[in-house]
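J.: Sharing start.pdb below, PDB, C-alpha atoms:
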MODEL        1
ATOM      1  CA  LEU E 182      43.909  -5.621 171.609
ATOM      2  CA  ILE E 183      45.586  -8.575 169.884
ATOM      3  CA  PHE E 184      42.308 -10.488 169.971
ATOM      4  CA  VAL E 185      40.348  -7.518 168.539
ATOM      5  CA  LYS E 186      42.867  -6.975 165.733
ATOM      6  CA  GLY E 187      42.764 -10.675 164.827
ATOM      7  CA  PHE E 188      38.962 -10.714 164.830
ATOM      8  CA  ILE E 189      38.767  -7.629 162.611
ATOM      9  CA  LYS E 190      41.336  -9.021 160.182
ATOM     10  CA  LYS E 191      39.505 -12.345 160.001
ATOM     11  CA  SER E 192      36.146 -10.628 159.328
ATOM     12  CA  ILE E 193      37.572  -8.514 156.512
ATOM     13  CA  VAL E 194      39.158 -11.546 154.820
ATOM     14  CA  GLU E 195      36.007 -13.653 155.123
ATOM     15  CA  ARG E 196      33.767 -10.905 153.733
ATOM     16  CA  TYR E 197      36.117 -10.434 150.781
ATOM     17  CA  MET E 198      36.269 -14.165 150.043
ATOM     18  CA  PHE E 199      32.447 -14.493 150.310
ATOM     19  CA  LYS E 200      31.982 -11.769 147.685
ATOM     20  CA  MET E 201      34.536 -13.358 145.355
ATOM     21  CA  ILE E 202      32.906 -16.788 145.652
ATOM     22  CA  ASN E 203      29.453 -15.382 144.924
ATOM     23  CA  LEU E 204      30.623 -13.451 141.881
ATOM     24  CA  ARG E 205      32.446 -16.438 140.403
ATOM     25  CA  SER E 206      29.825 -19.047 141.155
ATOM     26  CA  LEU E 207      26.635 -17.475 139.761
ATOM     27  CA  VAL E 208      26.209 -19.410 136.515
ATOM     28  CA  VAL E 209      23.471 -21.241 134.670
ATOM     29  CA  THR E 210      23.404 -24.991 134.999
ATOM     30  CA  PRO E 211      23.664 -26.362 131.433
ATOM     31  CA  SER E 212      21.047 -29.039 132.018
ATOM     32  CA  CYS E 213      18.413 -26.507 133.103
ATOM     33  CA  PRO E 214      18.640 -23.017 131.556
ATOM     34  CA  LYS E 215      15.864 -21.600 133.735
ATOM     35  CA  LYS E 216      17.561 -22.279 137.101
ATOM     36  CA  LEU E 217      20.561 -20.693 138.716
ATOM     37  CA  ALA E 218      23.154 -22.731 140.539
ATOM     38  CA  PHE E 219      26.054 -21.760 142.732
ATOM     39  CA  HIS E 220      29.282 -23.500 141.871
ATOM     40  CA  THR E 221      32.819 -22.596 140.916
ATOM     41  CA  THR E 222      34.861 -23.456 137.900
ATOM     42  CA  SER E 223      37.810 -25.673 138.722
ATOM     43  CA  VAL E 224      38.124 -29.376 139.485
ATOM     44  CA  ARG E 225      40.620 -28.871 142.230
ATOM     45  CA  SER E 226      40.063 -27.678 145.823
ATOM     46  CA  ARG E 227      41.881 -24.708 147.170
ATOM     47  CA  THR E 228      42.460 -23.529 150.720
ATOM     48  CA  MET E 229      43.071 -20.084 152.061
ATOM     49  CA  ALA E 230      44.400 -19.694 155.545
ATOM     50  CA  THR E 231      43.772 -16.838 157.945
ATOM     51  CA  ASN E 232      45.514 -16.279 161.213
ATOM     52  CA  SER E 233      42.805 -18.150 163.103
ATOM     53  CA  SER E 234      41.094 -20.607 160.714
ATOM     54  CA  THR E 235      41.237 -22.183 157.277
ATOM     55  CA  LEU E 236      38.596 -21.415 154.646
ATOM     56  CA  LYS E 237      38.191 -24.337 152.207
ATOM     57  CA  ILE E 238      36.613 -23.840 148.789
ATOM     58  CA  ASP E 239      35.316 -26.930 147.012
ATOM     59  CA  GLU E 240      34.934 -26.304 143.291
ATOM     60  CA  SER E 241      32.939 -28.497 140.899
ATOM     61  CA  SER E 242      33.981 -29.551 137.436
ATOM     62  CA  GLU E 243      31.290 -27.536 135.647
ATOM     63  CA  LYS E 244      32.496 -24.870 133.239
ATOM     64  CA  PRO E 245      30.998 -21.402 133.558
ATOM     65  CA  CYS E 246      28.257 -20.222 131.235
ATOM     66  CA  LEU E 247      29.421 -16.808 130.132
ATOM     67  CA  ASP E 248      26.024 -15.936 128.688
ATOM     68  CA  ALA E 249      24.180 -16.428 131.958
ATOM     69  CA  ILE E 250      24.502 -12.869 133.242
ATOM     70  CA  PRO E 251      22.278 -11.134 132.392
ATOM     71  CA  MET E 252      19.783 -13.896 131.642
ATOM     72  CA  SER E 253      16.626 -13.273 129.607
ATOM     73  CA  THR E 254      13.349 -14.713 130.838
ATOM     74  CA  ASP E 255      12.049 -15.026 127.268
ATOM     75  CA  THR E 256      12.051 -18.736 126.354
ATOM     76  CA  THR E 257      10.594 -18.273 122.852
ATOM     77  CA  LEU E 258      12.762 -19.974 120.240
ATOM     78  CA  PRO E 259      13.491 -18.143 116.979
ATOM     79  CA  PRO E 260      11.632 -19.492 113.952
ATOM     80  CA  PRO E 261      13.581 -21.967 111.809
ATOM     81  CA  PRO E 262      15.061 -20.593 108.588
ATOM     82  CA  PRO E 263      12.975 -21.144 105.458
ATOM     83  CA  PRO E 264      13.962 -24.132 103.334
ATOM     84  CA  ALA E 265      16.482 -23.438 100.602
ATOM     85  CA  ARG E 266      15.049 -22.866  97.147
ATOM     86  CA  THR E 267      16.480 -25.441  94.780
ATOM     87  CA  THR E 268      14.589 -24.952  91.504
ATOM     88  CA  LEU E 269      15.297 -22.816  88.452
ATOM     89  CA  LEU E 270      12.099 -22.320  86.482
ATOM     90  CA  VAL E 271      12.371 -21.547  82.764
ATOM     91  CA  LEU E 272       9.194 -20.221  81.161
ATOM     92  CA  GLY E 273       9.056 -21.122  77.491
ATOM     93  CA  GLY E 274      11.635 -23.821  78.231
ATOM     94  CA  ARG E 275      10.832 -25.916  75.188
ATOM     95  CA  GLY E 276      11.531 -23.171  72.664
ATOM     96  CA  PHE E 277      14.562 -22.266  70.590
ATOM     97  CA  LEU E 278      16.179 -20.138  73.308
ATOM     98  CA  GLY E 279      14.434 -21.634  76.335
ATOM     99  CA  SER E 280      15.774 -25.129  75.676
ATOM    100  CA  ARG E 281      19.307 -23.765  75.601
ATOM    101  CA  VAL E 282      18.675 -21.940  78.857
ATOM    102  CA  CYS E 283      17.568 -25.245  80.415
ATOM    103  CA  HIS E 284      20.704 -26.944  79.126
ATOM    104  CA  GLU E 285      22.960 -24.200  80.502
ATOM    105  CA  ALA E 286      21.114 -24.122  83.843
ATOM    106  CA  LEU E 287      22.002 -27.740  84.593
ATOM    107  CA  SER E 288      25.558 -26.603  85.329
ATOM    108  CA  THR E 289      24.311 -24.662  88.390
ATOM    109  CA  GLY E 290      23.307 -27.801  90.277
ATOM    110  CA  LEU E 291      19.730 -26.560  90.637
ATOM    111  CA  HIS E 292      16.701 -28.606  89.689
ATOM    112  CA  VAL E 293      15.741 -27.246  86.271
ATOM    113  CA  VAL E 294      12.099 -27.104  85.195
ATOM    114  CA  GLY E 295      11.229 -26.242  81.601
ATOM    115  CA  LEU E 296       7.649 -25.007  81.398
ATOM    116  CA  SER E 297       5.663 -24.893  78.170
ATOM    117  CA  ARG E 298       2.055 -25.243  77.086
ATOM    118  CA  SER E 299       2.722 -28.715  75.696
ATOM    119  CA  GLY E 300       4.871 -29.944  78.585
ATOM    120  CA  THR E 301       6.989 -32.024  76.223
ATOM    121  CA  PRO E 302      10.791 -31.888  75.760
ATOM    122  CA  PRO E 303      12.347 -30.294  72.678
ATOM    123  CA  PHE E 304      13.220 -32.303  69.586
ATOM    124  CA  SER E 305      16.824 -32.689  70.684
ATOM    125  CA  LYS E 306      17.906 -36.231  71.559
ATOM    126  CA  GLU E 307      20.978 -35.170  73.529
ATOM    127  CA  PRO E 308      21.466 -36.783  76.983
ATOM    128  CA  TRP E 309      20.928 -33.550  78.926
ATOM    129  CA  VAL E 310      17.241 -33.501  77.920
ATOM    130  CA  SER E 311      16.448 -36.294  80.382
ATOM    131  CA  GLN E 312      17.947 -34.277  83.256
ATOM    132  CA  VAL E 313      15.373 -31.487  82.941
ATOM    133  CA  GLU E 314      11.840 -31.733  84.260
ATOM    134  CA  TRP E 315       9.512 -30.781  81.426
ATOM    135  CA  ALA E 316       6.251 -29.467  82.826
ATOM    136  CA  ARG E 317       3.013 -28.280  81.320
ATOM    137  CA  GLY E 318       1.769 -24.810  82.151
ATOM    138  CA  ASP E 319       0.671 -21.457  80.793
ATOM    139  CA  ALA E 320       2.329 -18.192  81.823
ATOM    140  CA  LEU E 321      -1.132 -16.601  81.829
ATOM    141  CA  ASP E 322      -2.292 -19.129  84.445
ATOM    142  CA  PRO E 323      -0.078 -18.908  87.559
ATOM    143  CA  GLU E 324      -1.914 -21.800  89.186
ATOM    144  CA  SER E 325      -0.460 -24.114  86.555
ATOM    145  CA  TYR E 326       3.067 -23.494  87.822
ATOM    146  CA  SER E 327       2.571 -22.177  91.375
ATOM    147  CA  SER E 328       4.037 -25.360  92.873
ATOM    148  CA  PHE E 329       7.327 -24.656  91.077
ATOM    149  CA  LEU E 330       7.369 -20.978  92.059
ATOM    150  CA  ARG E 331       7.259 -21.839  95.763
ATOM    151  CA  ASN E 332      10.617 -23.612  95.480
ATOM    152  CA  SER E 333      12.248 -21.474  92.778
ATOM    153  CA  ALA E 334      15.492 -19.630  93.423
ATOM    154  CA  ALA E 335      14.928 -17.712  90.186
ATOM    155  CA  VAL E 336      12.725 -17.548  87.112
ATOM    156  CA  ILE E 337      13.893 -16.967  83.539
ATOM    157  CA  SER E 338      11.214 -16.041  81.031
ATOM    158  CA  CYS E 339      11.807 -16.708  77.359
ATOM    159  CA  VAL E 340       8.128 -16.272  76.508
ATOM    160  CA  GLY E 341       7.551 -14.347  73.296
ATOM    161  CA  GLY E 342       6.320 -14.686  69.761
ATOM    162  CA  PHE E 343       4.706 -13.175  66.689
ATOM    163  CA  GLY E 344       1.225 -13.111  65.227
ATOM    164  CA  SER E 345      -1.535 -10.548  65.135
ATOM    165  CA  ASN E 346      -1.074  -7.395  67.180
ATOM    166  CA  GLU E 347      -3.481  -8.727  69.792
ATOM    167  CA  GLN E 348      -1.694 -12.060  69.998
ATOM    168  CA  MET E 349       1.743 -10.437  70.182
ATOM    169  CA  TRP E 350       0.672  -8.072  72.954
ATOM    170  CA  LYS E 351      -0.791 -10.981  74.907
ATOM    171  CA  THR E 352       2.207 -13.264  74.399
ATOM    172  CA  ASN E 353       4.999 -10.730  74.873
ATOM    173  CA  GLY E 354       3.303  -8.429  77.341
ATOM    174  CA  THR E 355       0.423  -9.818  79.382
ATOM    175  CA  SER E 356       1.900 -13.311  79.772
ATOM    176  CA  ASN E 357       5.188 -11.994  81.140
ATOM    177  CA  VAL E 358       3.555  -9.401  83.390
ATOM    178  CA  THR E 359       1.387 -12.139  84.899
ATOM    179  CA  ALA E 360       4.418 -14.370  85.478
ATOM    180  CA  ILE E 361       6.439 -11.530  87.027
ATOM    181  CA  GLU E 362       3.701 -10.671  89.500
ATOM    182  CA  ALA E 363       3.094 -14.343  90.356
ATOM    183  CA  ALA E 364       6.814 -14.889  91.008
ATOM    184  CA  SER E 365       6.939 -11.879  93.303
ATOM    185  CA  ALA E 366       3.881 -13.063  95.232
ATOM    186  CA  ALA E 367       5.544 -16.472  95.705
ATOM    187  CA  GLY E 368       8.701 -14.857  97.105
ATOM    188  CA  VAL E 369      11.006 -15.736  94.210
ATOM    189  CA  PRO E 370      14.276 -13.802  94.790
ATOM    190  CA  ARG E 371      15.305 -13.089  91.169
ATOM    191  CA  PHE E 372      13.676 -12.786  87.766
ATOM    192  CA  VAL E 373      15.289 -12.582  84.325
ATOM    193  CA  TYR E 374      13.288 -11.549  81.293
ATOM    194  CA  VAL E 375      14.623 -12.075  77.783
ATOM    195  CA  SER E 376      13.235  -9.161  75.778
ATOM    196  CA  ALA E 377      14.554  -7.849  72.434
ATOM    197  CA  PHE E 378      16.603  -4.967  71.109
ATOM    198  CA  ILE E 379      14.384  -2.938  68.769
ATOM    199  CA  PRO E 380      16.517  -1.240  66.061
ATOM    200  CA  PHE E 381      15.706   2.183  64.640
ATOM    201  CA  VAL E 382      13.634   1.213  61.618
ATOM    202  CA  PRO E 383      10.888   3.686  60.669
ATOM    203  CA  GLY E 384       7.488   2.028  60.703
ATOM    204  CA  LEU E 385       8.650  -1.038  62.650
ATOM    205  CA  SER E 386       6.860  -0.013  65.842
ATOM    206  CA  PHE E 387       3.665   0.397  63.838
ATOM    207  CA  ALA E 388       3.962  -2.861  61.898
ATOM    208  CA  LEU E 389       4.859  -4.837  65.030
ATOM    209  CA  GLU E 390       2.976  -2.699  67.525
ATOM    210  CA  GLY E 391       1.823  -5.609  69.672
ATOM    211  CA  TYR E 392       5.325  -7.086  69.754
ATOM    212  CA  VAL E 393       7.106  -3.836  70.623
ATOM    213  CA  LYS E 394       4.587  -2.517  73.147
ATOM    214  CA  GLY E 395       4.169  -5.939  74.712
ATOM    215  CA  LYS E 396       7.922  -6.164  75.355
ATOM    216  CA  GLN E 397       7.922  -2.648  76.786
ATOM    217  CA  GLN E 398       5.029  -3.474  79.085
ATOM    218  CA  ALA E 399       6.840  -6.532  80.450
ATOM    219  CA  GLU E 400      10.053  -4.568  80.992
ATOM    220  CA  ARG E 401       8.222  -1.880  82.963
ATOM    221  CA  ALA E 402       6.568  -4.530  85.120
ATOM    222  CA  LEU E 403       9.912  -6.174  85.901
ATOM    223  CA  ARG E 404      11.531  -2.880  86.899
ATOM    224  CA  ARG E 405       8.554  -2.115  89.124
ATOM    225  CA  VAL E 406       8.156  -5.514  90.802
ATOM    226  CA  PHE E 407      11.847  -6.564  90.942
ATOM    227  CA  PRO E 408      13.676  -3.221  91.179
ATOM    228  CA  TYR E 409      16.735  -4.694  92.936
ATOM    229  CA  SER E 410      16.912  -8.206  91.497
ATOM    230  CA  GLY E 411      15.361  -8.067  88.031
ATOM    231  CA  VAL E 412      17.406  -8.305  84.841
ATOM    232  CA  VAL E 413      16.210  -7.536  81.314
ATOM    233  CA  LEU E 414      18.228  -8.943  78.432
ATOM    234  CA  ARG E 415      17.800  -7.233  75.065
ATOM    235  CA  PRO E 416      19.552  -9.335  72.423
ATOM    236  CA  GLY E 417      19.267  -8.555  68.741
ATOM    237  CA  ALA E 418      19.117 -11.426  66.269
ATOM    238  CA  ILE E 419      19.736 -14.804  67.952
ATOM    239  CA  TYR E 420      21.208 -17.609  65.896
ATOM    240  CA  GLY E 421      21.782 -21.334  66.231
ATOM    241  CA  ASP E 422      20.260 -24.566  64.973
ATOM    242  CA  ARG E 423      16.522 -23.991  65.078
ATOM    243  CA  SER E 424      14.807 -27.362  65.127
ATOM    244  CA  LEU E 425      11.735 -27.560  62.918
ATOM    245  CA  SER E 426      11.142 -31.259  63.564
ATOM    246  CA  GLU E 427      13.024 -34.272  64.878
ATOM    247  CA  ASN E 428      15.011 -34.556  61.666
ATOM    248  CA  VAL E 429      14.955 -31.036  60.223
ATOM    249  CA  SER E 430      16.715 -27.945  61.599
ATOM    250  CA  LEU E 431      17.485 -24.505  60.258
ATOM    251  CA  PRO E 432      21.200 -23.592  60.633
ATOM    252  CA  LEU E 433      20.874 -19.861  61.288
ATOM    253  CA  GLN E 434      24.517 -19.631  62.279
ATOM    254  CA  CYS E 435      25.635 -20.030  58.681
ATOM    255  CA  PHE E 436      24.789 -16.388  58.068
ATOM    256  CA  PHE E 437      24.671 -14.737  61.482
ATOM    257  CA  LYS E 438      27.912 -16.103  62.961
ATOM    258  CA  PRO E 439      30.145 -14.424  60.320
ATOM    259  CA  ALA E 440      28.025 -11.280  60.676
ATOM    260  CA  GLU E 441      28.652 -11.235  64.424
ATOM    261  CA  LYS E 442      32.412 -11.356  63.871
ATOM    262  CA  VAL E 443      32.320  -8.466  61.420
ATOM    263  CA  VAL E 444      29.956  -6.270  63.443
ATOM    264  CA  GLY E 445      31.868  -7.099  66.594
ATOM    265  CA  LEU E 446      34.861  -5.215  65.234
ATOM    266  CA  ILE E 447      32.954  -1.944  65.709
ATOM    267  CA  PRO E 448      33.545  -0.452  69.187
ATOM    268  CA  ALA E 449      30.475  -0.825  71.370
ATOM    269  CA  GLU E 450      29.970   2.890  72.032
ATOM    270  CA  ILE E 451      30.093   3.750  68.345
ATOM    271  CA  ALA E 452      27.813   0.859  67.413
ATOM    272  CA  ARG E 453      25.262   1.943  70.022
ATOM    273  CA  LYS E 454      25.110   5.466  68.608
ATOM    274  CA  VAL E 455      24.812   4.232  65.037
ATOM    275  CA  ALA E 456      22.079   1.744  65.960
ATOM    276  CA  GLY E 457      20.053   4.439  67.684
ATOM    277  CA  ALA E 458      20.535   7.247  65.175
ATOM    278  CA  LEU E 459      20.656   5.856  61.657
ATOM    279  CA  PRO E 460      17.421   4.432  60.262
ATOM    280  CA  PHE E 461      17.716   1.034  58.585
ATOM    281  CA  ALA E 462      21.518   1.177  58.468
ATOM    282  CA  GLY E 463      21.593   1.322  62.257
ATOM    283  CA  ALA E 464      20.150  -2.177  62.437
ATOM    284  CA  VAL E 465      23.294  -3.485  60.730
ATOM    285  CA  ALA E 466      25.396  -2.221  63.650
ATOM    286  CA  VAL E 467      23.597  -4.502  66.140
ATOM    287  CA  PRO E 468      25.671  -7.687  66.611
ATOM    288  CA  PRO E 469      23.825 -11.014  66.299
ATOM    289  CA  LEU E 470      24.318 -13.328  69.272
ATOM    290  CA  ALA E 471      24.534 -17.084  69.560
ATOM    291  CA  ALA E 472      21.662 -18.649  71.468
ATOM    292  CA  GLU E 473      24.201 -20.298  73.769
ATOM    293  CA  THR E 474      25.649 -16.880  74.633
ATOM    294  CA  VAL E 475      22.274 -15.417  75.578
ATOM    295  CA  ALA E 476      21.412 -18.562  77.566
ATOM    296  CA  ARG E 477      24.698 -18.435  79.474
ATOM    297  CA  VAL E 478      24.222 -14.799  80.453
ATOM    298  CA  ALA E 479      20.581 -15.395  81.410
ATOM    299  CA  VAL E 480      21.568 -18.194  83.802
ATOM    300  CA  ARG E 481      24.335 -16.079  85.315
ATOM    301  CA  ALA E 482      21.920 -13.198  85.806
ATOM    302  CA  ALA E 483      19.482 -15.544  87.548
ATOM    303  CA  THR E 484      21.932 -17.276  89.878
ATOM    304  CA  ASP E 485      24.731 -14.778  90.566
ATOM    305  CA  GLU E 486      23.719 -12.165  93.138
ATOM    306  CA  SER E 487      26.632  -9.955  92.099
ATOM    307  CA  PHE E 488      25.358  -9.759  88.524
ATOM    308  CA  PRO E 489      24.253  -6.196  87.689
ATOM    309  CA  VAL E 490      20.514  -5.637  87.624
ATOM    310  CA  GLY E 491      18.723  -3.529  85.040
ATOM    311  CA  ILE E 492      18.717  -3.638  81.243
ATOM    312  CA  LEU E 493      21.500  -5.225  79.193
ATOM    313  CA  ASP E 494      21.673  -4.530  75.465
ATOM    314  CA  PRO E 495      23.493  -6.767  72.930
ATOM    315  CA  TRP E 496      26.873  -5.195  73.710
ATOM    316  CA  ASP E 497      26.382  -5.691  77.454
ATOM    317  CA  ILE E 498      25.392  -9.316  76.876
ATOM    318  CA  ARG E 499      28.593  -9.918  74.886
ATOM    319  CA  LYS E 500      30.563  -8.322  77.712
ATOM    320  CA  HIS E 501      29.088 -10.663  80.348
ATOM    321  CA  GLN E 502      29.170 -13.892  78.346
TER     322      GLN E 502
ENDMDL
END
Just give me the structure as structure tokens.
T.:
Amino acid sequence: LIFVKGFIKKSIVERYMFKMINLRSLVVTPSCPKKLAFHTTSVRSRTMATNSSTLKIDESSEKPCLDAIPMSTDTTLPPPPPPARTTLLVLGGRGFLGSRVCHEALSTGLHVVGLSRSGTPPFSKEPWVSQVEWARGDALDPESYSSFLRNSAAVISCVGGFGSNEQMWKTNGTSNVTAIEAASAAGVPRFVYVSAFIPFVPGLSFALEGYVKGKQQAERALRRVFPYSGVVLRPGAIYGDRSLSENVSLPLQCFFKPAEKVVGLIPAEIARKVAGALPFAGAVAVPPLAAETVARVAVRAATDESFPVGILDPWDIRKHQ
């Protein structure tokens, strides 16, 4: 009876220890993920005595792989993340507003490309001009700037102008629609379009039909193609030193800067209602904006993911400057 009891007790202990060893030692060998190895987790050896024998457990110095159970048989590696986009492309970058956008964009640390049909820098001789890449391209021809789109974190379009109705529609509408669609096809995350606030002036939409309808066409395209990351800026009059040549500039701020201070005293909600309801006089309620202000907000809209998307009028632009 003593012998039977001892044998039974020994068998129970050994079966229990065998299960514990198996559970603790099933890990993946770090040097070969596909194979399983049996080892334990401590550098020291332990002994456990029974009434008739001693069971010795030798444990290796390998640490357990907690991810080994369960182990997937799929050895396919995930694709590498796409390279970071490091370029900010400014369409119309040589112009009055576009050049200021390029200047402001340098503060983001991105590689700034100013695109224009001439491909030359503006007349300014300030040091920042040499830090921008001035490239030649046409907004109507996406192939001329496709290499920049592939690496662009955002695009800011300052393309616009006056002329005949046909020219204005092409410049303000078709050119921007083409650029918006090309940017989307290239996977550009964000797009900012600098449009214009059209005051309530009877006959203006008829006299500048191509200008007004072209801007509207571009805005609709941006809302359709970039519904969650497109921003439309609608400034009124924009002032600053407008360079006419290397030595001649037009100081628009002499008149518009005092006007902005006076008009800015009117609360935004009241000014909005006046601008939209009173013909002719309503245009006076629209605050002029410095080109630097519009440029600063455009760059923020292009690079700050928390910036609100949609349409910003002159009062919204002043709020976010």
J.: Using only C-alpha atoms, pick whichever of E:Val358, E:Ala464, E:Ile451, E:Ala482 has the shortest atom-to-atom distance to Leu414 in chain E.
T.: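 Once distances to Leu414 in chain E are computed over only C-alpha atoms, the minimum belongs to E:Ala482.
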J.: May I ask which of the residues E:Ala316, E:Ala265, E:Val413, E:Ala366 is the closest one to Gly491 in chain E, counting all atoms listed in the file?
T.: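 Nearest candidate to Gly491 in chain E out of E:Ala316, E:Ala265, E:Val413, E:Ala366: E:Val413.
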J.: Separation of CA of Arg331 in chain E and CA of Thr268 in chain E, in Å?
T.: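 Between CA of Arg331 in chain E and CA of Thr268 in chain E the gap works out to 9.0 Å.
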J.: Could you expand the PyMOL selection byres ((chain E and resi 502) around 7) into the explicit residues it covers here, written as a PyMOL selection string?
T.: chain E and resi 474+477-478+498-501
J.: Pick from E:Leu425, E:Val282, E:Ala418, E:Val375: nearest to Gln397 in chain E, with only C-alpha atoms counted?
T.: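 Smallest distance to Gln397 in chain E is found for E:Val375.
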J.: If the PyMOL selection byres ((chain E and resi 392) around 9) is run on the structure shown, which residues does it catch, given as a ChimeraX atom specification?
T.: /E:341-354,386,389-391,393-397
J.: Please determine, counting all atoms listed in the file, which residue among E:Arg415, E:Arg404, E:Arg423, E:Arg371 has the shortest atom-to-atom distance to Ala483 in chain E.
T.: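 Smallest separation from Ala483 in chain E among the options: E:Arg371.
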J.: If the PyMOL selection byres ((chain E and resi 278) around 10) is run on the structure shown, which residues does it catch, given as a list in words?
T.: Gly273, Gly274, Arg275, Gly276, Phe277, Gly279, Ser280, Arg281, Val282, Cys283, Cys339, Val340, Val375, Ile419, Tyr420, Gly421, Arg423, Ala471, Ala472, Glu473, Val475 and Ala476 of chain E
